[in-house]
Amino acid sequence: MLGLCRSSLIPSVGLRRHALSAQRLFNSTPKLKDGASATSTSLTSKIVSFPKNNPFTFQLLVATGKTAAADIMVQIVVEKKKLSEIDWRRNGIFVAFGFAYLGGFQYWIMVTKYRQWFPTMDRFAKLPFAEKLKDTAGILDAMKMVAFDIFVHLPLMYFPSYYACKEFVTSDTWNPVEWVTVGCTKYYHNMKEDLSAMVKLWGPSDCVQFVLPVHIRMPFRHLVSFFWTAYVSFTRGSSDPQSEEERDAEIATIERRISAGGQPE
């Protein structure tokens, strides 16, 4: 009788072992999928968090790429050039300026130095919008940032640097003094038109930029700057001095006709 009971227990034990093995195999499959899903989620998270974790590198790439792209867009879409007709020397002006000034120096001014000059910057940037409206000190510092950009940075740093960079790329001389003097002379002649366009775009844009989180500010500025660069490319980008003189002469002729009461043709 005892032997019979033992023999009847053997198949049941074996069935339990098979059941456990099957359960382990079944459970292992979802774990593999979960692991692959976790890897994919981790990669996506790294990509999404890259701008915040590497703000300088990210905005440097954006500044260089968008500046070059804006000039190419103007040459192809506005000036109706074929790809083979693109002025790559002119595009080089924007690549060099986008990398060195917009991506490098401008970040140093608007993040590194602003953080020192305007001590409420980081705290104010992290507040919800409703709380920002109650922060008088933060609002005053944001207004100072806008004023510095409009009245100091853009007219006294940005434009002279752009015109000097353009001379560096397009001129035949290797004399830095000549790059600066010739470039600033051209800026002086174009100053009224350049500054007027600058205030119309960057005045409202700065009021938005300087209330955003710090790691978003420079990418936002570069986004707006895409359209500004397109304007600069069309009006000031030509590497052919004759073309630029002809364009300035055409603009002056139209202005004279309008001031005399006539209509531009």
# chains A, B, ... in the order shown; residues from 1 in each chain; ligands from 1
$ closest_atom_pairs --of "range 54-132 of chain A" --to "range 204-216 of chain A" --cutoff "8 Å" --atoms "only C-alpha atoms" --output "CSV"
residue,atom,partner,partner_atom,distance
A:Pro55,CA,A:His215,CA,5.8
A:Val111,CA,A:Val214,CA,7.7
A:Asp122,CA,A:Val214,CA,6.9
A:Phe124,CA,A:Val211,CA,7.5
A:Ala125,CA,A:Pro213,CA,4.7
A:Lys126,CA,A:Pro213,CA,6.0
$ write_last_selection --atoms "all heavy atoms" --output "mmCIF file, in the first residue's frame"
data_model
loop_
_atom_site.group_PDB
_atom_site.id
_atom_site.type_symbol
_atom_site.label_atom_id
_atom_site.label_comp_id
_atom_site.auth_asym_id
_atom_site.auth_seq_id
_atom_site.Cartn_x
_atom_site.Cartn_y
_atom_site.Cartn_z
ATOM 1 N N PRO A 55 23.656 72.451 -21.789
ATOM 2 C CA PRO A 55 23.078 73.644 -22.424
ATOM 3 C C PRO A 55 24.025 74.351 -23.380
ATOM 4 O O PRO A 55 23.609 74.810 -24.439
ATOM 5 C CB PRO A 55 22.711 74.535 -21.234
ATOM 6 C CG PRO A 55 23.576 74.065 -20.112
ATOM 7 C CD PRO A 55 23.740 72.585 -20.326
ATOM 8 N N VAL A 111 24.370 84.183 -20.291
ATOM 9 C CA VAL A 111 24.200 83.192 -19.232
ATOM 10 C C VAL A 111 25.240 83.415 -18.134
ATOM 11 O O VAL A 111 24.907 83.691 -16.980
ATOM 12 C CB VAL A 111 24.282 81.756 -19.783
ATOM 13 C CG1 VAL A 111 24.175 80.747 -18.646
ATOM 14 C CG2 VAL A 111 23.159 81.513 -20.794
ATOM 15 N N ASP A 122 18.442 83.113 -11.926
ATOM 16 C CA ASP A 122 18.122 81.689 -11.817
ATOM 17 C C ASP A 122 16.854 81.456 -11.001
ATOM 18 O O ASP A 122 16.011 80.637 -11.382
ATOM 19 C CB ASP A 122 19.300 80.932 -11.188
ATOM 20 C CG ASP A 122 20.468 80.811 -12.145
ATOM 21 O OD1 ASP A 122 20.302 80.169 -13.188
ATOM 22 O OD2 ASP A 122 21.542 81.361 -11.858
ATOM 23 N N PHE A 124 14.327 83.533 -10.467
ATOM 24 C CA PHE A 124 13.183 84.053 -11.213
ATOM 25 C C PHE A 124 12.802 83.111 -12.360
ATOM 26 O O PHE A 124 11.610 82.892 -12.626
ATOM 27 C CB PHE A 124 13.519 85.439 -11.752
ATOM 28 C CG PHE A 124 12.383 86.119 -12.467
ATOM 29 C CD1 PHE A 124 11.311 86.631 -11.752
ATOM 30 C CD2 PHE A 124 12.396 86.258 -13.846
ATOM 31 C CE1 PHE A 124 10.257 87.262 -12.406
ATOM 32 C CE2 PHE A 124 11.353 86.878 -14.507
ATOM 33 C CZ PHE A 124 10.280 87.394 -13.790
ATOM 34 N N ALA A 125 13.788 82.543 -13.011
ATOM 35 C CA ALA A 125 13.523 81.659 -14.150
ATOM 36 C C ALA A 125 12.787 80.395 -13.736
ATOM 37 O O ALA A 125 12.023 79.828 -14.530
ATOM 38 C CB ALA A 125 14.840 81.292 -14.834
ATOM 39 N N LYS A 126 13.002 79.932 -12.511
ATOM 40 C CA LYS A 126 12.387 78.682 -12.051
ATOM 41 C C LYS A 126 10.962 78.857 -11.533
ATOM 42 O O LYS A 126 10.254 77.870 -11.344
ATOM 43 C CB LYS A 126 13.252 78.060 -10.943
ATOM 44 C CG LYS A 126 14.626 77.614 -11.415
ATOM 45 C CD LYS A 126 15.471 77.126 -10.244
ATOM 46 C CE LYS A 126 16.867 76.742 -10.706
ATOM 47 N NZ LYS A 126 17.731 76.329 -9.564
#
$ residues_around --residues "Tyr162 in chain A" --least-positions-apart "3" --cutoff "9 Å" --atoms "only C-alpha atoms" --output "list in words"
Ile93, Phe94, Phe97, Tyr101, Met157, Tyr158, Phe159, Cys165, Lys166, Glu167 and Gly183 of chain A
$ atom_distance --atom1 "CA of Thr136 in chain A" --atom2 "CA of Gln116 in chain A"
18.5 Å
$ residues_around --residues "Leu140 in chain A" --least-positions-apart "5" --cutoff "12 Å" --atoms "only C-alpha atoms" --output "list in words"
Phe118, Pro119, Thr120, Met121, Phe124, Lys132, Leu133, Lys134, Asp135, Met145, Val146, Ala147, Cys207, Phe210 and Val211 of chain A
$ closest_residue --among "A:Thr67, A:Leu60, A:Val78, A:Asp141" --to "Phe227 in chain A" --atoms "only C-alpha atoms"
A:Thr67
$ closest_residue --among "A:Gly65, A:Thr41, A:Ile150, A:Pro51" --to "Phe226 in chain A" --atoms "only C-alpha atoms"
A:Gly65
$ residues_around --residues "Ala197 in chain A" --least-positions-apart "5" --cutoff "10 Å" --atoms "only C-alpha atoms" --output "PDB file with N, CA and C atoms, in the first residue's frame"
ATOM      1  N   MET A 191      23.697 101.963 -40.079  1.00  0.00           N
ATOM      2  CA  MET A 191      23.269 101.898 -38.683  1.00  0.00           C
ATOM      3  C   MET A 191      21.782 102.188 -38.493  1.00  0.00           C
ATOM      4  N   LYS A 192      21.262 103.205 -39.142  1.00  0.00           N
ATOM      5  CA  LYS A 192      19.876 103.597 -38.938  1.00  0.00           C
ATOM      6  C   LYS A 192      18.927 102.460 -39.301  1.00  0.00           C
ATOM      7  N   TRP A 202      13.915  92.301 -31.754  1.00  0.00           N
ATOM      8  CA  TRP A 202      14.488  91.822 -30.493  1.00  0.00           C
ATOM      9  C   TRP A 202      13.864  92.458 -29.261  1.00  0.00           C
ATOM     10  N   GLY A 203      13.215  93.606 -29.384  1.00  0.00           N
ATOM     11  CA  GLY A 203      12.527  94.188 -28.237  1.00  0.00           C
ATOM     12  C   GLY A 203      11.446  93.250 -27.701  1.00  0.00           C
ATOM     13  N   TRP A 228      15.924  86.453 -38.062  1.00  0.00           N
ATOM     14  CA  TRP A 228      16.800  87.632 -38.080  1.00  0.00           C
ATOM     15  C   TRP A 228      17.999  87.395 -39.007  1.00  0.00           C
ATOM     16  N   TYR A 231      17.065  87.872 -42.543  1.00  0.00           N
ATOM     17  CA  TYR A 231      17.028  89.289 -42.888  1.00  0.00           C
ATOM     18  C   TYR A 231      18.435  89.832 -43.127  1.00  0.00           C
ATOM     19  N   VAL A 232      19.349  89.527 -42.218  1.00  0.00           N
ATOM     20  CA  VAL A 232      20.729  90.005 -42.351  1.00  0.00           C
ATOM     21  C   VAL A 232      21.376  89.415 -43.599  1.00  0.00           C
TER      22      VAL A 232
END
$ residues_around --residues "Met73 in chain A" --least-positions-apart "4" --cutoff "12 Å" --atoms "only C-alpha atoms" --output "list in words"
Lys66, Thr67, Ala68, Ala69, Val77, Val78, Glu79, Lys80, Lys81, Lys82, Leu83, Ile86, Asp87, Asn91, Phe226, Phe227, Thr229, Ala230, Tyr231, Ser233 and Phe234 of chain A
